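Novice: What follows is structure.cif; its format and atoms are mmCIF, C-alpha atoms.
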data_run
loop_
_atom_site.group_PDB
_atom_site.id
_atom_site.type_symbol
_atom_site.label_atom_id
_atom_site.label_comp_id
_atom_site.auth_asym_id
_atom_site.auth_seq_id
_atom_site.Cartn_x
_atom_site.Cartn_y
_atom_site.Cartn_z
ATOM 1 C CA MET A 184 70.095 35.702 129.084
ATOM 2 C CA GLU A 185 67.805 34.518 126.300
ATOM 3 C CA ASN A 186 65.131 36.740 124.783
ATOM 4 C CA LEU A 187 62.110 36.738 127.141
ATOM 5 C CA VAL A 188 58.597 38.143 126.697
ATOM 6 C CA GLU A 189 56.599 39.204 129.773
ATOM 7 C CA LEU A 190 53.110 37.685 130.068
ATOM 8 C CA GLU A 191 49.971 38.387 132.092
ATOM 9 C CA ILE A 192 46.976 36.169 132.838
ATOM 10 C CA LEU A 193 43.995 37.150 130.676
ATOM 11 C CA GLY A 194 41.499 34.372 131.284
ATOM 12 C CA LEU A 195 40.719 30.846 132.341
ATOM 13 C CA SER A 196 38.015 28.782 130.649
ATOM 14 C CA SER A 197 36.732 25.222 130.912
ATOM 15 C CA ASN A 198 37.913 22.990 128.088
ATOM 16 C CA HIS A 199 34.936 21.239 126.479
ATOM 17 C CA SER A 200 36.992 18.877 124.325
ATOM 18 C CA GLN A 201 38.962 17.429 127.263
ATOM 19 C CA SER A 202 36.871 16.778 130.357
ATOM 20 C CA GLY A 203 38.435 18.078 133.564
ATOM 21 C CA SER A 204 40.906 20.381 131.827
ATOM 22 C CA PHE A 205 40.990 24.160 131.387
ATOM 23 C CA THR A 206 42.553 26.634 128.971
ATOM 24 C CA LEU A 207 44.689 29.326 130.595
ATOM 25 C CA VAL A 208 45.117 32.325 128.284
ATOM 26 C CA MET A 209 48.282 34.384 128.756
ATOM 27 C CA GLY A 210 48.736 37.720 126.998
ATOM 28 C CA GLU A 211 51.940 39.463 125.922
ATOM 29 C CA VAL A 212 52.429 42.596 128.074
ATOM 30 C CA GLY A 213 52.320 45.579 125.720
ATOM 31 C CA GLY A 214 51.811 43.273 122.727
ATOM 32 C CA THR A 215 49.093 41.540 120.749
ATOM 33 C CA ARG A 216 50.047 37.880 121.085
ATOM 34 C CA ARG A 217 48.083 35.362 123.171
ATOM 35 C CA LEU A 218 49.467 32.098 124.533
ATOM 36 C CA PRO A 219 46.768 29.495 125.353
ATOM 37 C CA ILE A 220 47.920 26.640 127.631
ATOM 38 C CA VAL A 221 45.771 23.605 128.503
ATOM 39 C CA ILE A 222 46.054 22.853 132.243
ATOM 40 C CA GLY A 223 44.476 20.461 134.758
ATOM 41 C CA MET A 224 41.481 21.204 136.971
ATOM 42 C CA PHE A 225 43.505 21.276 140.215
ATOM 43 C CA GLU A 226 46.017 23.824 138.838
ATOM 44 C CA ALA A 227 43.192 25.920 137.319
ATOM 45 C CA GLN A 228 41.492 26.004 140.723
ATOM 46 C CA ALA A 229 44.798 26.928 142.419
ATOM 47 C CA ILE A 230 45.285 29.878 140.020
ATOM 48 C CA ALA A 231 41.627 30.991 140.190
ATOM 49 C CA ILE A 232 41.320 31.057 143.987
ATOM 50 C CA GLU A 233 44.492 33.151 144.305
ATOM 51 C CA ILE A 234 43.356 35.624 141.616
ATOM 52 C CA GLU A 235 39.936 35.878 143.299
ATOM 53 C CA LYS A 236 41.641 36.167 146.735
ATOM 54 C CA ILE A 237 39.622 33.267 148.146
ATOM 55 C CA ILE A 238 41.220 31.784 151.270
ATOM 56 C CA PRO A 239 40.738 27.985 151.503
ATOM 57 C CA ASN A 240 40.099 26.364 154.893
ATOM 58 C CA ARG A 241 43.384 24.479 154.656
ATOM 59 C CA PRO A 242 46.457 25.425 152.591
ATOM 60 C CA MET A 243 46.631 23.989 149.084
ATOM 61 C CA THR A 244 49.895 22.583 147.673
ATOM 62 C CA HIS A 245 50.943 25.938 146.180
ATOM 63 C CA ASP A 246 50.153 27.755 149.466
ATOM 64 C CA LEU A 247 52.304 25.149 151.224
ATOM 65 C CA PHE A 248 55.134 25.904 148.765
ATOM 66 C CA LYS A 249 54.802 29.615 149.604
ATOM 67 C CA SER A 250 54.918 28.982 153.374
ATOM 68 C CA PHE A 251 57.902 26.674 152.904
ATOM 69 C CA ALA A 252 59.798 29.246 150.777
ATOM 70 C CA GLU A 253 59.038 32.092 153.189
ATOM 71 C CA SER A 254 60.095 30.001 156.204
ATOM 72 C CA PHE A 255 63.509 29.399 154.612
ATOM 73 C CA LYS A 256 63.829 33.000 153.326
ATOM 74 C CA PHE A 257 63.523 32.068 149.642
ATOM 75 C CA GLU A 258 62.050 34.564 147.200
ATOM 76 C CA ILE A 259 60.529 33.799 143.821
ATOM 77 C CA GLU A 260 62.267 36.171 141.408
ATOM 78 C CA ARG A 261 60.306 35.193 138.301
ATOM 79 C CA ILE A 262 58.981 32.214 136.411
ATOM 80 C CA PHE A 263 59.460 31.550 132.749
ATOM 81 C CA ILE A 264 58.048 29.199 130.168
ATOM 82 C CA SER A 265 61.313 27.922 128.745
ATOM 83 C CA ASP A 266 60.448 25.386 126.067
ATOM 84 C CA MET A 267 57.785 23.567 124.070
ATOM 85 C CA LYS A 268 58.279 20.042 122.733
ATOM 86 C CA GLU A 269 55.557 18.144 120.839
ATOM 87 C CA GLY A 270 52.867 20.478 122.176
ATOM 88 C CA VAL A 271 54.050 20.183 125.810
ATOM 89 C CA PHE A 272 55.201 23.360 127.593
ATOM 90 C CA TYR A 273 58.111 23.418 130.079
ATOM 91 C CA ALA A 274 58.790 26.065 132.736
ATOM 92 C CA LYS A 275 61.326 27.117 135.339
ATOM 93 C CA ILE A 276 60.870 28.820 138.708
ATOM 94 C CA ILE A 277 63.750 31.183 139.527
ATOM 95 C CA CYS A 278 64.298 31.283 143.318
ATOM 96 C CA LYS A 279 66.671 33.534 145.230
ATOM 97 C CA SER A 280 68.069 33.256 148.752
ATOM 98 C CA GLY A 281 70.688 35.797 149.722
ATOM 99 C CA LYS A 282 73.176 35.845 146.842
ATOM 100 C CA SER A 283 72.374 32.394 145.447
ATOM 101 C CA GLU A 284 69.896 31.911 142.609
ATOM 102 C CA VAL A 285 68.383 28.523 141.774
ATOM 103 C CA GLU A 286 66.345 27.337 138.767
ATOM 104 C CA ILE A 287 63.689 24.706 139.494
ATOM 105 C CA ASP A 288 62.012 22.754 136.670
ATOM 106 C CA SER A 289 58.226 22.925 136.760
ATOM 107 C CA ARG A 290 55.042 22.463 134.764
ATOM 108 C CA PRO A 291 53.842 25.925 133.606
ATOM 109 C CA SER A 292 50.521 25.497 135.458
ATOM 110 C CA ASP A 293 52.305 24.950 138.814
ATOM 111 C CA ALA A 294 54.817 27.721 138.110
ATOM 112 C CA ILE A 295 52.003 30.196 137.322
ATOM 113 C CA ALA A 296 50.009 29.136 140.423
ATOM 114 C CA ILE A 297 53.157 29.907 142.462
ATOM 115 C CA ALA A 298 53.871 33.172 140.582
ATOM 116 C CA VAL A 299 50.419 34.595 141.439
ATOM 117 C CA ARG A 300 51.020 33.820 145.136
ATOM 118 C CA PHE A 301 54.349 35.673 145.160
ATOM 119 C CA SER A 302 53.277 38.438 142.724
ATOM 120 C CA ALA A 303 56.263 37.296 140.636
ATOM 121 C CA PRO A 304 56.525 38.268 136.969
ATOM 122 C CA ILE A 305 55.816 35.613 134.327
ATOM 123 C CA PHE A 306 57.991 35.391 131.214
ATOM 124 C CA CYS A 307 58.107 33.208 128.119
ATOM 125 C CA ALA A 308 61.029 32.446 125.817
ATOM 126 C CA GLU A 309 60.619 34.237 122.462
ATOM 127 C CA LYS A 310 61.179 30.932 120.615
ATOM 128 C CA VAL A 311 58.123 29.462 122.410
ATOM 129 C CA MET A 312 56.035 32.557 121.625
ATOM 130 C CA ALA A 313 57.095 32.376 117.967
ATOM 131 C CA GLU A 314 55.944 28.760 117.771
ATOM 132 C CA ALA A 315 52.848 28.680 119.970
ATOM 133 C CA ALA A 316 51.387 32.188 120.380
ATOM 134 C CA ILE A 317 48.341 33.428 118.464
ATOM 135 C CA GLU A 318 48.656 36.916 116.926
ATOM 136 C CA PHE A 319 45.858 39.433 117.496
ATOM 137 C CA THR A 320 45.224 42.537 115.404
ATOM 138 C CA GLU A 321 44.716 45.904 117.130
ATOM 139 C CA GLU A 322 40.965 45.802 116.370
ATOM 140 C CA GLU A 323 40.609 42.322 117.894
ATOM 141 C CA SER A 324 42.520 43.427 121.013
ATOM 142 C CA LYS A 325 40.237 46.472 121.459
ATOM 143 C CA ALA A 326 37.097 44.358 120.954
ATOM 144 C CA GLU A 327 38.442 41.881 123.503
ATOM 145 C CA GLU A 328 39.126 44.627 126.073
ATOM 146 C CA LYS A 329 35.545 45.906 125.708
ATOM 147 C CA SER A 330 34.051 42.432 126.113
ATOM 148 C CA GLU A 331 36.240 41.415 129.076
ATOM 149 C CA THR A 332 34.562 41.201 132.466
ATOM 150 C CA LYS A 333 36.216 42.491 135.635
ATOM 151 C CA THR A 334 37.276 39.002 136.726
ATOM 152 C CA PRO A 335 39.974 37.304 134.654
ATOM 153 C CA VAL A 336 38.367 33.902 135.286
ATOM 154 C CA GLN A 337 35.894 33.498 132.436
ATOM 155 C CA LYS A 338 33.896 30.746 130.785
ATOM 156 C CA VAL A 339 34.461 30.604 127.049
ATOM 157 C CA SER A 340 31.984 28.521 125.066
ATOM 158 C CA SER A 341 33.135 26.073 122.454
ATOM 159 C CA LYS A 342 31.235 24.099 119.836
ATOM 160 C CA LYS A 343 32.184 20.521 119.041
ATOM 161 C CA GLU A 344 33.694 20.116 115.595
ATOM 162 C CA GLY A 345 34.910 17.198 113.505
ATOM 163 C CA SER A 346 38.428 15.862 113.850
ATOM 164 C CA LEU A 347 40.983 18.530 112.898
ATOM 165 C CA LYS A 348 43.046 15.846 111.141
ATOM 166 C CA ASP A 349 40.398 15.771 108.383
ATOM 167 C CA TYR A 350 40.967 19.414 107.386
ATOM 168 C CA SER A 351 43.487 20.768 104.882
ATOM 169 C CA LEU A 352 46.143 23.237 106.059
ATOM 170 C CA ASP A 353 44.332 26.114 104.291
ATOM 171 C CA LYS A 354 41.064 25.194 106.011
ATOM 172 C CA LEU A 355 42.850 24.955 109.390
ATOM 173 C CA ASN A 356 44.257 28.473 108.925
ATOM 174 C CA GLN A 357 40.740 29.748 108.133
ATOM 175 C CA LEU A 358 39.362 27.987 111.224
ATOM 176 C CA LEU A 359 42.179 29.458 113.343
ATOM 177 C CA GLU A 360 41.326 32.992 112.176
ATOM 178 C CA LYS A 361 37.619 32.391 112.888
ATOM 179 C CA ALA A 362 38.350 30.981 116.364
ATOM 180 C CA ILE A 363 40.501 34.044 117.200
ATOM 181 C CA ASN A 364 37.756 36.410 115.976
ATOM 182 C CA ASN A 365 35.247 34.570 118.189
ATOM 183 C CA GLU A 366 37.704 34.703 121.136
ATOM 184 C CA ASP A 367 37.499 30.901 121.362
ATOM 185 C CA TYR A 368 41.035 30.402 122.688
ATOM 186 C CA GLU A 369 40.567 26.737 123.487
ATOM 187 C CA LYS A 370 39.632 25.899 119.885
ATOM 188 C CA ALA A 371 42.397 28.188 118.568
ATOM 189 C CA ALA A 372 44.963 26.335 120.717
ATOM 190 C CA ARG A 373 43.838 22.954 119.351
ATOM 191 C CA ILE A 374 43.958 24.205 115.731
ATOM 192 C CA ARG A 375 47.389 25.775 116.326
ATOM 193 C CA ASP A 376 48.702 22.461 117.713
ATOM 194 C CA GLU A 377 47.365 20.577 114.659
ATOM 195 C CA ILE A 378 49.026 23.117 112.288
ATOM 196 C CA ASN A 379 52.330 22.810 114.207
ATOM 197 C CA LYS A 380 52.232 19.008 113.893
ATOM 198 C CA ARG A 381 52.146 19.331 110.112
ATOM 199 C CA ASN A 382 54.850 21.997 109.743
#
Output the file's structure as C-alpha cells, nothing else.
Specialist:
Amino acid sequence: MENLVELEILGLSSNHSQSGSFTLVMGEVGGTRRLPIVIGMFEAQAIAIEIEKIIPNRPMTHDLFKSFAESFKFEIERIFISDMKEGVFYAKIICKSGKSEVEIDSRPSDAIAIAVRFSAPIFCAEKVMAEAAIEFTEEESKAEEKSETKTPVQKVSSKKEGSLKDYSLDKLNQLLEKAINNEDYEKAARIRDEINKRN
C-alpha cells in the first residue's frame, strides 16, 4: 500500500476569486501541513451541513448514497486523495461488503462529503502532499489554533490582487509566505498552483 497521510477538515471558506466556489482546508493529523482544495458550492454545503449536524428536509445526494450503501450492507472503510494532475485532485472511496473491497473513483469533494457521513478516515497520498500541501511552522500552527472558532466552517477574507502570472517566482514565494501567515488559504492555494505550473 502506498504511503498515505491522514487528514482532518480544518475549515471551509468562500472563494472570492471564483464565484460560487469554496476552499476546503485539510490538515495533516499530527503534522503541520495544510492541503487547500477548491470545491463547488453544492459539495461545500453538503460537507458543512453534515459537520454542523443540520438535517435537511429531504435527503441530499450524499445522504442518498449513505442510505443506498447501508441498505446493501456496504461500509465505507476510508477515502483517499490519490493523485493530482494539472492542479486537479483525484480521489477514491474504499468500500467494503463482507470480504470484498472495492475502490470507486470520485472527486475529492464528493468523497469527503461521504466520509463525514460515515465517520470514515480521510487520507492523502504522500506524493500529492509533497506537491500540493502548504507547510506551517509550529508558531503558525499555535497561532491558528488560538484564532480558530469552535465551528470548522469559517469565512476567510481575501483581497483581490493582480494576475499571479505577472509576478516573478521569488515574489510568488514571498506572497505565499505572507498568505500563510495571514491564514488566507484560498490565496495560498492559488499562489501554490501558479508556482507548480512553472516548476
Novice: In terms of the shortest atom-to-atom distance over all atoms listed in the file, which of A:Asn364, A:Ile262, A:Val311, A:Pro304 is closest to A:Glu191?
Specialist: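 Counting all atoms listed in the file, the residue closest to A:Glu191 is A:Pro304.
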Novice: Restricting the calculation to only C-alpha atoms, which member of A:Leu352, A:Met267, A:Ile237, A:Leu358 is positioned closest to A:Ile220?
Specialist: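 For A:Ile220, the nearest of the given residues is A:Met267.
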Novice: Measure the distance from atom CA of A:Ala315 to atom CA of A:Gly213 in Å and round it to one decimal.
Specialist: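 Taking atom CA of A:Ala315 as the start and atom CA of A:Gly213 as the end point, the length is 17.9 Å.
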Novice: May I ask for the distance between atom CA of A:Ala296 and atom CA of A:Ala229, given in Å to one decimal place?
Specialist: 6.0 Å
Novice: Between atom CA of A:Ile295 and atom CA of A:Ala372, what distance in Å does the model show, to one decimal?
Specialist: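 Here the two named atoms are 18.4 Å from each other.
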